[in-house]
$ cat work-v8.tsv   # TSV, C-alpha atoms
chain	number	residue	atom	x	y	z
A	274	MET	CA	5.06	-8.27	25.57
A	275	LYS	CA	4.13	-11.73	24.31
A	276	LEU	CA	2.78	-12.43	20.85
A	277	PRO	CA	-0.98	-12.93	20.58
A	278	GLN	CA	-1.96	-16.59	20.61
A	279	GLN	CA	-4.22	-16.16	17.60
A	280	VAL	CA	-1.34	-15.30	15.22
A	281	ARG	CA	-1.27	-17.89	12.44
A	282	SER	CA	1.42	-18.88	9.96
A	283	GLN	CA	1.11	-17.00	6.68
A	284	VAL	CA	2.88	-17.88	3.44
A	285	LYS	CA	3.02	-15.16	0.83
A	286	LEU	CA	5.17	-13.78	-1.94
A	287	GLY	CA	7.74	-11.10	-1.29
A	288	ASN	CA	7.04	-8.23	1.06
A	289	GLU	CA	3.29	-8.11	0.73
A	290	GLY	CA	0.70	-8.28	3.46
A	291	SER	CA	-1.58	-11.20	4.01
A	292	GLY	CA	-2.39	-13.31	0.96
A	293	CYS	CA	-6.09	-12.55	1.32
A	294	SER	CA	-7.63	-9.11	1.02
A	295	ILE	CA	-10.26	-10.04	3.62
A	296	CYS	CA	-7.68	-11.36	6.09
A	297	ARG	CA	-5.52	-8.31	5.49
A	298	SER	CA	-8.29	-5.98	6.58
A	299	LEU	CA	-9.01	-8.08	9.65
A	300	ALA	CA	-5.33	-8.27	10.55
A	301	LYS	CA	-5.47	-4.62	11.56
A	302	CYS	CA	-7.37	-5.75	14.64
A	303	THR	CA	-4.21	-7.24	16.17
A	304	THR	CA	-2.06	-4.11	15.78
A	305	THR	CA	-0.23	-3.47	19.05
A	306	GLY	CA	1.87	-0.65	20.38
A	307	SER	CA	0.14	1.93	18.19
A	308	SER	CA	-1.23	5.26	19.26
A	309	PRO	CA	-4.51	7.06	18.57
A	310	SER	CA	-2.70	9.37	16.16
A	311	LEU	CA	-1.93	6.40	13.91
A	312	PRO	CA	-5.20	4.55	13.29
A	313	PRO	CA	-5.36	1.58	10.92
A	314	GLY	CA	-4.76	2.97	7.46
A	315	GLY	CA	-3.52	6.26	8.90
A	316	SER	CA	0.10	5.68	7.90
A	317	ARG	CA	-0.90	5.38	4.24
A	318	ASP	CA	-2.88	8.61	4.61
A	319	MET	CA	0.17	10.55	5.82
A	320	MET	CA	2.53	8.96	3.31
A	321	THR	CA	0.44	9.41	0.17
A	322	GLY	CA	-2.21	11.94	1.06
A	323	LEU	CA	-4.67	9.88	-0.97
A	324	MET	CA	-7.15	8.97	1.73
A	325	SER	CA	-10.28	11.05	1.83
A	326	ARG	CA	-11.05	12.01	5.43
A	327	SER	CA	-14.04	13.77	6.90
A	328	ARG	CA	-14.73	14.73	10.49
A	329	ALA	CA	-17.92	14.29	12.49
A	330	LYS	CA	-18.27	14.65	16.25
A	331	LEU	CA	-19.69	11.84	18.36
A	332	THR	CA	-22.54	12.92	20.59
A	333	PRO	CA	-23.47	11.10	23.81
A	334	ALA	CA	-27.08	10.05	24.29
A	335	ASN	CA	-28.30	8.09	27.34
A	336	GLY	CA	-24.70	7.34	28.21
A	337	LEU	CA	-24.01	5.84	24.76
A	338	VAL	CA	-21.94	7.31	21.96
A	339	GLN	CA	-23.89	7.91	18.77
A	340	ARG	CA	-22.74	9.23	15.43
A	341	PRO	CA	-24.79	12.18	14.13
A	342	LEU	CA	-24.34	11.44	10.43
A	343	PRO	CA	-23.64	8.26	8.45
A	344	ALA	CA	-20.03	7.68	7.44
A	345	LYS	CA	-19.01	8.60	3.93
A	346	ARG	CA	-18.77	5.81	1.38
A	347	ALA	CA	-16.76	5.16	-1.76
A	348	PRO	CA	-18.54	5.66	-5.10
A	349	VAL	CA	-19.51	2.67	-7.25
A	350	LEU	CA	-18.99	3.65	-10.90
A	351	THR	CA	-20.34	0.58	-12.67
A	352	LYS	CA	-22.19	2.58	-15.33
A	353	GLU	CA	-18.99	4.36	-16.37
A	354	THR	CA	-16.79	1.27	-16.31
A	355	GLN	CA	-19.28	-0.77	-18.32
A	356	ALA	CA	-19.19	1.85	-21.08
A	357	ILE	CA	-15.45	1.20	-21.43
A	358	PHE	CA	-16.02	-2.55	-21.63
A	359	THR	CA	-18.51	-1.99	-24.46
A	360	ARG	CA	-16.07	0.25	-26.35
A	361	PHE	CA	-13.15	-2.13	-25.85
A	362	GLU	CA	-15.02	-5.19	-27.12
A	363	LYS	CA	-16.42	-3.24	-30.09
A	364	GLU	CA	-13.03	-1.85	-31.14
A	365	MET	CA	-10.80	-4.84	-30.33
A	366	GLY	CA	-13.22	-7.64	-31.17
A	367	LEU	CA	-12.28	-9.42	-27.95
A	368	PRO	CA	-14.22	-9.90	-24.68
A	369	LEU	CA	-12.57	-8.05	-21.80
A	370	LEU	CA	-12.22	-9.32	-18.22
A	371	ALA	CA	-10.80	-7.06	-15.50
A	372	TYR	CA	-9.10	-8.19	-12.29
A	373	TRP	CA	-7.90	-5.16	-10.33
A	374	THR	CA	-6.66	-4.87	-6.74
A	375	SER	CA	-5.91	-1.72	-4.78
A	376	SER	CA	-3.00	-1.26	-2.38
A	377	GLY	CA	-5.33	-2.47	0.37
A	378	GLY	CA	-6.20	-5.71	-1.43
A	379	SER	CA	-4.39	-8.70	-2.86
A	380	ILE	CA	-4.86	-11.85	-4.90
A	381	CYS	CA	-6.54	-14.30	-2.54
A	382	GLN	CA	-8.45	-17.58	-2.51
A	383	ASN	CA	-11.85	-15.89	-2.21
A	384	ASP	CA	-11.16	-14.07	-5.48
A	385	VAL	CA	-11.30	-17.43	-7.25
A	386	MET	CA	-14.85	-17.94	-6.02
A	387	ALA	CA	-15.75	-14.37	-7.00
A	388	MET	CA	-14.30	-14.96	-10.48
A	389	SER	CA	-16.33	-18.14	-10.77
A	390	GLN	CA	-19.47	-16.14	-9.93
A	391	LEU	CA	-18.51	-13.58	-12.56
A	392	LEU	CA	-18.06	-16.18	-15.32
A	393	ASP	CA	-20.84	-18.63	-14.41
A	394	THR	CA	-23.14	-17.38	-17.19
A	395	ARG	CA	-20.42	-17.19	-19.83
A	396	LYS	CA	-20.14	-19.85	-22.51
A	397	HIS	CA	-16.80	-21.36	-23.50
A	398	GLY	CA	-14.92	-18.99	-25.80
A	399	ALA	CA	-11.91	-18.94	-28.07
A	400	ALA	CA	-10.11	-16.10	-26.30
A	401	VAL	CA	-10.43	-13.45	-23.60
A	402	GLY	CA	-8.49	-10.28	-22.82
A	403	LEU	CA	-7.52	-10.06	-19.14
A	404	PHE	CA	-6.74	-6.60	-17.73
A	405	LEU	CA	-4.68	-7.30	-14.61
A	406	LYS	CA	-3.30	-4.81	-12.09
A	407	SER	CA	-2.13	-6.08	-8.71
A	408	ASP	CA	0.74	-5.97	-6.23
A	409	GLY	CA	0.42	-9.74	-5.76
A	410	GLY	CA	-0.85	-12.09	-3.07
A	411	ASN	CA	-1.32	-15.83	-2.72
A	412	PRO	CA	0.50	-18.12	-5.22
A	413	GLU	CA	-2.01	-20.97	-4.92
A	414	ALA	CA	-4.82	-18.52	-5.68
A	415	ALA	CA	-2.94	-17.39	-8.80
A	416	LEU	CA	-2.74	-21.01	-9.98
A	417	ARG	CA	-6.46	-21.59	-9.36
A	418	LEU	CA	-7.42	-18.37	-11.18
A	419	VAL	CA	-5.51	-19.35	-14.31
A	420	HIS	CA	-6.99	-22.86	-14.17
A	421	LEU	CA	-10.48	-21.32	-13.98
A	422	LEU	CA	-9.84	-19.02	-16.94
A	423	ARG	CA	-8.35	-21.86	-18.98
A	424	SER	CA	-11.46	-23.95	-18.35
A	425	LYS	CA	-13.51	-21.19	-20.03
A	426	TYR	CA	-11.19	-19.90	-22.76
A	427	LYS	CA	-8.67	-21.55	-25.07
A	428	ARG	CA	-6.43	-18.48	-25.17
A	429	VAL	CA	-5.76	-15.84	-22.52
A	430	ILE	CA	-4.31	-12.51	-23.69
A	431	LEU	CA	-3.09	-10.53	-20.70
A	432	TYR	CA	-3.00	-6.73	-20.69
A	433	ALA	CA	-0.61	-5.35	-18.08
A	434	PRO	CA	-0.30	-1.57	-18.58
A	435	PHE	CA	0.71	-1.04	-14.93
A	436	GLU	CA	2.12	-3.15	-12.09
A	437	CYS	CA	1.67	-6.89	-12.41
A	438	ALA	CA	3.77	-7.95	-9.46
A	439	SER	CA	4.57	-11.09	-7.50
A	440	ALA	CA	1.57	-13.47	-7.61
A	441	ALA	CA	0.15	-11.34	-10.44
A	442	THR	CA	3.33	-12.17	-12.37
A	443	MET	CA	2.43	-15.81	-11.82
A	444	VAL	CA	-0.98	-15.19	-13.38
A	445	ALA	CA	0.82	-13.58	-16.35
A	446	LEU	CA	2.90	-16.74	-16.80
A	447	GLY	CA	-0.31	-18.62	-17.56
A	448	ALA	CA	-1.28	-16.30	-20.43
A	449	ASN	CA	-0.52	-16.99	-24.09
A	450	GLU	CA	0.46	-13.36	-24.64
A	451	ILE	CA	1.48	-10.56	-22.27
A	452	HIS	CA	0.87	-7.06	-23.66
A	453	MET	CA	3.12	-4.51	-21.95
A	454	GLY	CA	3.73	-0.79	-22.39
A	455	PRO	CA	6.14	1.88	-21.08
A	456	THR	CA	4.73	1.80	-17.52
A	457	SER	CA	4.30	-1.99	-17.33
A	458	TYR	CA	6.37	-4.29	-15.18
A	459	LEU	CA	6.46	-7.77	-13.74
A	460	THR	CA	8.52	-8.75	-10.68
A	461	ALA	CA	10.36	-11.66	-9.14
A	462	VAL	CA	8.24	-14.31	-7.42
A	463	ASP	CA	10.57	-15.40	-4.61
A	464	THR	CA	8.71	-16.22	-1.42
A	465	SER	CA	8.74	-14.79	2.06
A	466	LEU	CA	7.08	-16.06	5.20
A	467	LYS	CA	5.32	-14.87	8.34
A	468	HIS	CA	5.46	-17.76	10.78
A	469	GLN	CA	4.45	-18.12	14.42
A	470	LEU	CA	8.14	-18.52	15.26
A	471	SER	CA	9.39	-15.64	13.10
A	472	PRO	CA	11.23	-12.72	14.75
A	473	ILE	CA	9.22	-9.73	15.98
A	474	ASP	CA	9.89	-6.03	15.44
A	475	SER	CA	9.80	-3.07	17.83
A	476	ARG	CA	5.99	-2.92	17.60
A	477	ASN	CA	5.70	-6.57	18.64
A	478	GLU	CA	4.59	-7.61	15.14
A	479	ILE	CA	5.85	-10.66	13.25
A	480	VAL	CA	8.59	-9.89	10.72
A	481	SER	CA	8.46	-11.29	7.20
A	482	VAL	CA	11.50	-13.44	6.33
A	483	SER	CA	12.43	-14.36	2.74
A	484	GLN	CA	14.29	-17.35	1.35
A	485	ASP	CA	16.58	-15.02	-0.58
A	486	GLU	CA	17.67	-13.21	2.60
A	487	VAL	CA	18.62	-16.47	4.31
A	488	SER	CA	20.49	-17.70	1.20
A	489	ARG	CA	22.46	-14.46	1.02
A	490	ILE	CA	23.51	-14.74	4.67
A	491	LEU	CA	24.84	-18.24	4.08
A	492	ARG	CA	26.59	-17.20	0.86
A	493	LEU	CA	28.26	-14.19	2.49
A	494	TRP	CA	29.46	-16.42	5.34
A	495	LYS	CA	31.08	-18.72	2.79
A	496	GLU	CA	32.58	-15.88	0.72
A	497	GLN	CA	34.13	-14.29	3.82
A	498	ARG	CA	35.67	-17.68	4.65
A	499	VAL	CA	34.49	-17.48	8.22
A	500	LYS	CA	35.42	-20.63	10.11
A	501	GLY	CA	32.75	-22.82	11.62
A	502	ASN	CA	29.15	-23.71	10.85
A	503	PRO	CA	26.95	-20.64	10.08
A	504	TYR	CA	23.69	-22.29	11.18
A	505	PRO	CA	24.17	-21.92	14.97
A	506	GLU	CA	24.51	-18.15	14.43
A	507	VAL	CA	21.49	-18.05	12.12
A	508	TYR	CA	19.44	-20.07	14.63
A	509	ARG	CA	20.02	-17.33	17.22
A	510	TYR	CA	17.68	-15.14	15.16
A	511	LEU	CA	15.64	-17.60	13.08
A	512	HIS	CA	13.99	-20.73	14.40
A	513	PRO	CA	14.91	-23.89	12.40
A	514	LEU	CA	11.23	-24.46	11.62
A	515	VAL	CA	11.07	-21.03	9.95
A	516	ILE	CA	13.99	-21.96	7.68
A	517	GLY	CA	12.33	-25.28	6.85
A	518	ALA	CA	9.06	-23.52	6.02
A	519	LEU	CA	10.95	-21.07	3.77
A	520	ASP	CA	12.50	-23.91	1.81
A	521	ARG	CA	9.10	-25.53	1.35
A	522	SER	CA	7.47	-22.29	0.17
A	523	SER	CA	10.30	-21.71	-2.31
A	524	SER	CA	9.70	-25.15	-3.79
A	525	LEU	CA	6.01	-24.30	-4.01
A	526	SER	CA	6.72	-21.10	-5.93
A	527	ILE	CA	8.88	-22.89	-8.51
A	528	ARG	CA	6.28	-25.64	-8.93
A	529	VAL	CA	3.44	-23.13	-9.44
A	530	CYS	CA	5.44	-21.24	-12.09
A	531	GLN	CA	6.19	-24.42	-14.02
A	532	GLU	CA	2.57	-25.52	-13.87
A	533	LEU	CA	1.35	-22.16	-15.18
A	534	LEU	CA	3.84	-22.09	-18.03
A	535	SER	CA	2.77	-25.59	-19.06
A	536	TYR	CA	-0.59	-24.21	-20.26
A	537	HIS	CA	1.12	-22.85	-23.36
A	538	MET	CA	4.75	-23.99	-23.18
A	539	PRO	CA	6.08	-27.57	-23.40
A	540	VAL	CA	7.31	-28.86	-20.05
A	541	GLY	CA	11.11	-28.88	-20.20
A	542	LYS	CA	14.29	-26.96	-19.57
A	543	ARG	CA	12.93	-23.65	-20.85
A	544	ALA	CA	10.01	-23.60	-18.40
A	545	GLU	CA	12.28	-24.71	-15.55
A	546	ARG	CA	14.85	-22.01	-16.40
A	547	ILE	CA	12.23	-19.24	-16.41
A	548	SER	CA	10.75	-20.47	-13.11
A	549	ARG	CA	14.11	-20.58	-11.34
A	550	GLN	CA	15.21	-17.22	-12.70
A	551	LEU	CA	12.05	-15.54	-11.40
A	552	ASN	CA	12.56	-17.21	-8.02
A	553	SER	CA	16.25	-16.68	-7.34
A	554	THR	CA	18.21	-14.41	-9.72
A	555	TYR	CA	16.85	-10.95	-8.92
A	556	PRO	CA	18.36	-8.81	-6.13
A	557	SER	CA	14.96	-7.58	-4.93
A	558	HIS	CA	11.46	-8.99	-4.86
A	559	SER	CA	10.14	-5.71	-6.24
A	560	TYR	CA	12.75	-5.46	-9.02
A	561	PRO	CA	10.78	-4.20	-12.07
A	562	ILE	CA	10.95	-6.63	-15.00
A	563	THR	CA	10.08	-4.44	-17.97
A	564	ALA	CA	8.91	-5.66	-21.38
A	565	ARG	CA	12.50	-5.66	-22.64
A	566	GLU	CA	13.74	-7.95	-19.88
A	567	ALA	CA	10.63	-10.14	-19.97
A	568	ARG	CA	11.39	-10.91	-23.62
A	569	LYS	CA	14.93	-11.91	-22.65
A	570	LEU	CA	13.46	-14.32	-20.11
A	571	GLY	CA	11.57	-16.03	-22.92
A	572	LEU	CA	8.04	-14.84	-22.15
A	573	GLY	CA	5.54	-14.13	-24.93
A	574	VAL	CA	5.55	-10.34	-24.64
A	575	ARG	CA	3.82	-8.07	-27.17
A	576	ASP	CA	3.70	-4.27	-27.38
A	577	LEU	CA	0.56	-2.77	-25.87
A	578	GLY	CA	-1.43	-0.99	-28.55
A	579	VAL	CA	-2.13	2.73	-28.29
A	580	ARG	CA	-5.90	2.33	-28.28
A	581	GLU	CA	-5.89	-0.54	-25.76
A	582	ALA	CA	-3.59	1.47	-23.49
A	583	SER	CA	-5.87	4.52	-23.65
A	584	LEU	CA	-9.01	2.56	-22.75
A	585	LEU	CA	-7.30	0.67	-19.92
A	586	ARG	CA	-5.85	3.86	-18.45
A	587	GLU	CA	-9.36	5.29	-18.40
A	588	LEU	CA	-10.67	2.14	-16.71
A	589	ASN	CA	-7.83	2.22	-14.17
A	590	SER	CA	-8.68	5.83	-13.32
A	591	LEU	CA	-12.29	4.89	-12.54
A	592	TYR	CA	-11.22	1.91	-10.43
A	593	SER	CA	-8.75	4.10	-8.54
A	594	HIS	CA	-11.55	6.52	-7.78
A	595	MET	CA	-13.73	3.68	-6.48
A	596	ALA	CA	-10.89	2.25	-4.36
A	597	ASN	CA	-9.76	5.50	-2.77
A	598	PRO	CA	-9.98	4.78	1.02
A	599	ILE	CA	-12.43	7.03	2.83
A	600	LEU	CA	-11.99	7.62	6.56
A	601	THR	CA	-14.62	9.40	8.62
A	602	ASP	CA	-13.14	10.65	11.92
A	603	PHE	CA	-15.55	10.84	14.87
A	604	ASP	CA	-12.96	11.70	17.49
A	605	GLN	CA	-9.36	10.83	18.38
A	606	GLU	CA	-10.27	7.26	19.30
A	607	ASN	CA	-13.03	6.40	16.81
A	608	HIS	CA	-13.28	6.47	13.04
A	609	HIS	CA	-14.94	4.63	10.17
A	610	ASN	CA	-13.10	3.08	7.21
A	611	HIS	CA	-14.75	2.38	3.86
A	612	GLU	CA	-12.55	1.03	1.08
A	613	ILE	CA	-13.12	-1.04	-2.06
A	614	CYS	CA	-10.15	-3.42	-2.36
A	615	ASN	CA	-10.63	-5.97	-5.16
A	616	ILE	CA	-12.66	-5.40	-8.33
A	617	LEU	CA	-13.58	-8.08	-10.88
A	618	GLU	CA	-15.62	-7.12	-13.91
A	619	ILE	CA	-16.86	-8.37	-17.24
A	620	ARG	CA	-19.49	-6.98	-19.55
A	621	ASP	CA	-22.90	-6.79	-17.79
A	622	ARG	CA	-21.53	-7.73	-14.36
A	623	GLN	CA	-19.21	-6.34	-11.68
A	624	ILE	CA	-18.08	-7.85	-8.38
A	625	TYR	CA	-16.03	-6.12	-5.69
A	626	TYR	CA	-14.93	-6.61	-2.07
A	627	GLN	CA	-15.33	-3.67	0.29
A	628	VAL	CA	-14.03	-2.97	3.78
A	629	ASP	CA	-16.78	-1.29	5.80
A	630	LYS	CA	-16.14	-1.04	9.54
A	631	ASP	CA	-15.62	1.21	12.55
A	632	TRP	CA	-12.33	1.35	14.46
A	633	HIS	CA	-11.99	2.06	18.17
A	634	TYR	CA	-8.74	2.61	20.04
A	635	ARG	CA	-8.74	0.61	23.29
A	636	LYS	CA	-6.37	2.49	25.60
A	637	GLU	CA	-5.88	-0.22	28.18
A	638	GLU	CA	-4.68	-2.63	25.49
A	639	ARG	CA	-2.94	-0.02	23.31
A	640	ARG	CA	-4.49	-1.34	20.12
A	641	TRP	CA	-7.22	-0.65	17.58
A	642	ILE	CA	-10.22	-2.97	17.44
A	643	ALA	CA	-12.79	-3.27	14.67
A	644	THR	CA	-16.49	-2.86	15.44
A	645	ASN	CA	-19.68	-2.82	13.36
A	646	ASP	CA	-17.92	-4.77	10.64
A	647	LYS	CA	-20.09	-4.93	7.50
A	648	SER	CA	-17.27	-5.79	5.11
A	649	GLY	CA	-18.05	-8.25	2.35
A	650	TRP	CA	-18.59	-8.97	-1.33
A	651	ARG	CA	-20.98	-7.04	-3.57
A	652	ARG	CA	-22.31	-8.06	-6.98
A	653	VAL	CA	-23.59	-5.34	-9.32
A	654	THR	CA	-26.05	-6.30	-12.07
A	655	HIS	CA	-28.33	-4.37	-14.42
A	656	LYS	CA	-31.95	-4.52	-13.23
A	657	ASN	CA	-34.92	-2.39	-14.24
A	658	GLY	CA	-32.76	0.05	-16.15
A	659	ARG	CA	-30.23	0.69	-13.37
A	660	TRP	CA	-27.09	-0.89	-11.90
A	661	THR	CA	-27.99	-2.46	-8.58
A	662	PRO	CA	-25.47	-3.78	-6.00
A	663	GLU	CA	-26.40	-6.76	-3.85
A	664	THR	CA	-24.59	-8.72	-1.19
A	665	PHE	CA	-23.38	-12.22	-1.87
A	666	TYR	CA	-21.46	-14.47	0.47
A	667	ILE	CA	-18.26	-16.48	0.16
A	668	ARG	CA	-17.22	-18.83	2.94
$ encode --input "work-v8.tsv" --output "structure tokens"
Amino acid sequence: MKLPQQVRSQVKLGNEGSGCSICRSLAKCTTTGSSPSLPPGGSRDMMTGLMSRSRAKLTPANGLVQRPLPAKRAPVLTKETQAIFTRFEKEMGLPLLAYWTSSGGSICQNDVMAMSQLLDTRKHGAAVGLFLKSDGGNPEAALRLVHLLRSKYKRVILYAPFECASAATMVALGANEIHMGPTSYLTAVDTSLKHQLSPIDSRNEIVSVSQDEVSRILRLWKEQRVKGNPYPEVYRYLHPLVIGALDRSSSLSIRVCQELLSYHMPVGKRAERISRQLNSTYPSHSYPITAREARKLGLGVRDLGVREASLLRELNSLYSHMANPILTDFDQENHHNHEICNILEIRDRQIYYQVDKDWHYRKEERRWIATNDKSGWRRVTHKNGRWTPETFYIR
């Protein structure tokens, strides 16, 4: 089976999905070789048991399939989350900004525009506390986010009580202080690539290839003292253009790290050392860099206070409730998916991206296709004594 013509080159960090939460949700449309028993999102349901699923039968009317009841939707808990923002700012004396992504979302370019919308009414301030939880995403988006925050605030104090991985680690590099606790961790920021010419797996999907994997193959070849040039063997499995793209993306990652560190650290050997260590010295992209190791790297790590940790855990619990994927099954070949992926919030305003679409399994093509797609951004503001969500558009 040939690869779809619409597959585009994607550069990302590590083993994540697409660098954009919107693109990631749309990418499910091109899944091939799947079966009705494994709908988009279904694998996560079986692995974690976290997806909320309900069943509703489809009833035919005039030859058309109609759903009897509306699909279930995720709750929006703005009233509860805003109460935590009020308590945090009152107790800590510092404005709080939250940037939170679920396992179905990631740091992406559209988040920069959403963050700009969130901060457009805010005056320039001395400092801001940034609560960040994310598995990562797009490195260029991480650079733009930090630049946006730095244009509004002189100091950025980052709170990372949970995972702050990959591109989120890059965001942390741009902060003056990184507050970490027992469950906090950063990760390496080495790059991987999905390219049109990358290998494909048994499901006919493009495989992600990392710079570190290629470097290790070449190093092992040298250590084993195998005669001959290793590249002809490597080229049997990896196209030369893929290797060239990997080298370019690795250079990009190092450059982004150095630029982010320069916001609070003099450009020099120290910043270059930290950037290269994060890009090439760890055995795994997901290797957890705890507070202890982050200090050894030379980052400005502080201990997360007990009260800050308690409030942020409470906020994380509410966000997790909002972002719990909800699937409504109509029959074996049709279901609805509603999921809040990325949440950005400051006092008096909340913005989030939600996936809201139907999925249909097309037997003749052996793939799931999205229909009735109403996914998009929502902005929640306080009007007439209540929190009201409204659609706003980013293109």
$ atom_distance --input "work-v8.tsv" --atom1 "atom CA of Arg640 of chain A" --atom2 "atom CA of Val628 of chain A"
19.0 Å
$ atom_distance --input "work-v8.tsv" --atom1 "atom CA of Arg489 of chain A" --atom2 "atom CA of Pro556 of chain A"
10.0 Å
$ atom_distance --input "work-v8.tsv" --atom1 "atom CA of Gly501 of chain A" --atom2 "atom CA of Ser483 of chain A"
23.7 Å
$ closest_residue --input "work-v8.tsv" --among "A:Leu600, A:Ala438, A:Ile473, A:Leu446" --to "Leu572 of chain A" --atoms "only C-alpha atoms"
A:Leu446
$ residues_near_point --input "work-v8.tsv" --point "(-16.5, -17.8, -9.9)" --cutoff "12 Å" --atoms "all atoms listed in the file" --output "PyMOL selection string"
chain A and resi 382-395+417-422+424-425+617-619+623-624+652+665-667
$ residues_around --input "work-v8.tsv" --residues "Gly649 of chain A" --least-positions-apart "2" --cutoff "10 Å" --atoms "all atoms listed in the file" --output "list in words"
Ile295, Ile613, Tyr625, Tyr626, Gln627, Val628, Asp629, Asp646, Lys647, Arg651, Thr664, Phe665, Tyr666 and Ile667 of chain A
$ write_last_selection --input "work-v8.tsv" --atoms "C-alpha atoms" --output "mmCIF file, in the frame of the given file"
data_model
loop_
_atom_site.group_PDB
_atom_site.id
_atom_site.type_symbol
_atom_site.label_atom_id
_atom_site.label_comp_id
_atom_site.auth_asym_id
_atom_site.auth_seq_id
_atom_site.Cartn_x
_atom_site.Cartn_y
_atom_site.Cartn_z
ATOM 1 C CA ILE A 295 -10.260 -10.040 3.620
ATOM 2 C CA ILE A 613 -13.120 -1.040 -2.060
ATOM 3 C CA TYR A 625 -16.030 -6.120 -5.690
ATOM 4 C CA TYR A 626 -14.930 -6.610 -2.070
ATOM 5 C CA GLN A 627 -15.330 -3.670 0.290
ATOM 6 C CA VAL A 628 -14.030 -2.970 3.780
ATOM 7 C CA ASP A 629 -16.780 -1.290 5.800
ATOM 8 C CA ASP A 646 -17.920 -4.770 10.640
ATOM 9 C CA LYS A 647 -20.090 -4.930 7.500
ATOM 10 C CA ARG A 651 -20.980 -7.040 -3.570
ATOM 11 C CA THR A 664 -24.590 -8.720 -1.190
ATOM 12 C CA PHE A 665 -23.380 -12.220 -1.870
ATOM 13 C CA TYR A 666 -21.460 -14.470 0.470
ATOM 14 C CA ILE A 667 -18.260 -16.480 0.160
#
$ residues_near_point --input "work-v8.tsv" --point "(3.4, -12.4, -13.7)" --cutoff "10 Å" --atoms "all atoms listed in the file" --output "VMD selection string"
chain A and resid 405 407 409 415 431 433 436 to 448 451 458 to 462 530 551 562 567 572
$ closest_residue --input "work-v8.tsv" --among "A:Ser488, A:Cys381, A:Lys636, A:Leu584" --to "Lys363 of chain A" --atoms "all atoms listed in the file"
A:Leu584
$ build_atoms --input "work-v8.tsv" --residues "segment 581-593 of chain A" --atoms "N, CA and C atoms" --output "PDB file, in the coordinates of the input"
ATOM      1  N   GLU A 581      -5.673   0.288 -26.949  1.00  0.00           N
ATOM      2  CA  GLU A 581      -5.890  -0.540 -25.760  1.00  0.00           C
ATOM      3  C   GLU A 581      -5.379   0.175 -24.508  1.00  0.00           C
ATOM      4  N   ALA A 582      -4.192   0.774 -24.627  1.00  0.00           N
ATOM      5  CA  ALA A 582      -3.590   1.470 -23.490  1.00  0.00           C
ATOM      6  C   ALA A 582      -4.469   2.628 -23.029  1.00  0.00           C
ATOM      7  N   SER A 583      -5.039   3.366 -23.977  1.00  0.00           N
ATOM      8  CA  SER A 583      -5.870   4.520 -23.650  1.00  0.00           C
ATOM      9  C   SER A 583      -7.134   4.084 -22.904  1.00  0.00           C
ATOM     10  N   LEU A 584      -7.789   3.036 -23.392  1.00  0.00           N
ATOM     11  CA  LEU A 584      -9.010   2.560 -22.750  1.00  0.00           C
ATOM     12  C   LEU A 584      -8.721   1.992 -21.351  1.00  0.00           C
ATOM     13  N   LEU A 585      -7.627   1.267 -21.213  1.00  0.00           N
ATOM     14  CA  LEU A 585      -7.300   0.670 -19.920  1.00  0.00           C
ATOM     15  C   LEU A 585      -6.844   1.708 -18.911  1.00  0.00           C
ATOM     16  N   ARG A 586      -6.193   2.757 -19.356  1.00  0.00           N
ATOM     17  CA  ARG A 586      -5.850   3.860 -18.450  1.00  0.00           C
ATOM     18  C   ARG A 586      -7.119   4.535 -17.921  1.00  0.00           C
ATOM     19  N   GLU A 587      -8.092   4.697 -18.808  1.00  0.00           N
ATOM     20  CA  GLU A 587      -9.360   5.290 -18.400  1.00  0.00           C
ATOM     21  C   GLU A 587     -10.077   4.397 -17.391  1.00  0.00           C
ATOM     22  N   LEU A 588     -10.044   3.089 -17.631  1.00  0.00           N
ATOM     23  CA  LEU A 588     -10.670   2.140 -16.710  1.00  0.00           C
ATOM     24  C   LEU A 588      -9.940   2.137 -15.367  1.00  0.00           C
ATOM     25  N   ASN A 589      -8.619   2.191 -15.401  1.00  0.00           N
ATOM     26  CA  ASN A 589      -7.830   2.220 -14.170  1.00  0.00           C
ATOM     27  C   ASN A 589      -8.132   3.466 -13.351  1.00  0.00           C
ATOM     28  N   SER A 590      -8.358   4.589 -14.018  1.00  0.00           N
ATOM     29  CA  SER A 590      -8.680   5.830 -13.320  1.00  0.00           C
ATOM     30  C   SER A 590     -10.009   5.706 -12.574  1.00  0.00           C
ATOM     31  N   LEU A 591     -10.992   5.075 -13.198  1.00  0.00           N
ATOM     32  CA  LEU A 591     -12.290   4.890 -12.540  1.00  0.00           C
ATOM     33  C   LEU A 591     -12.171   3.937 -11.354  1.00  0.00           C
ATOM     34  N   TYR A 592     -11.423   2.847 -11.538  1.00  0.00           N
ATOM     35  CA  TYR A 592     -11.220   1.910 -10.430  1.00  0.00           C
ATOM     36  C   TYR A 592     -10.482   2.573  -9.275  1.00  0.00           C
ATOM     37  N   SER A 593      -9.494   3.406  -9.584  1.00  0.00           N
ATOM     38  CA  SER A 593      -8.750   4.100  -8.540  1.00  0.00           C
ATOM     39  C   SER A 593      -9.653   5.041  -7.752  1.00  0.00           C
TER      40      SER A 593
END
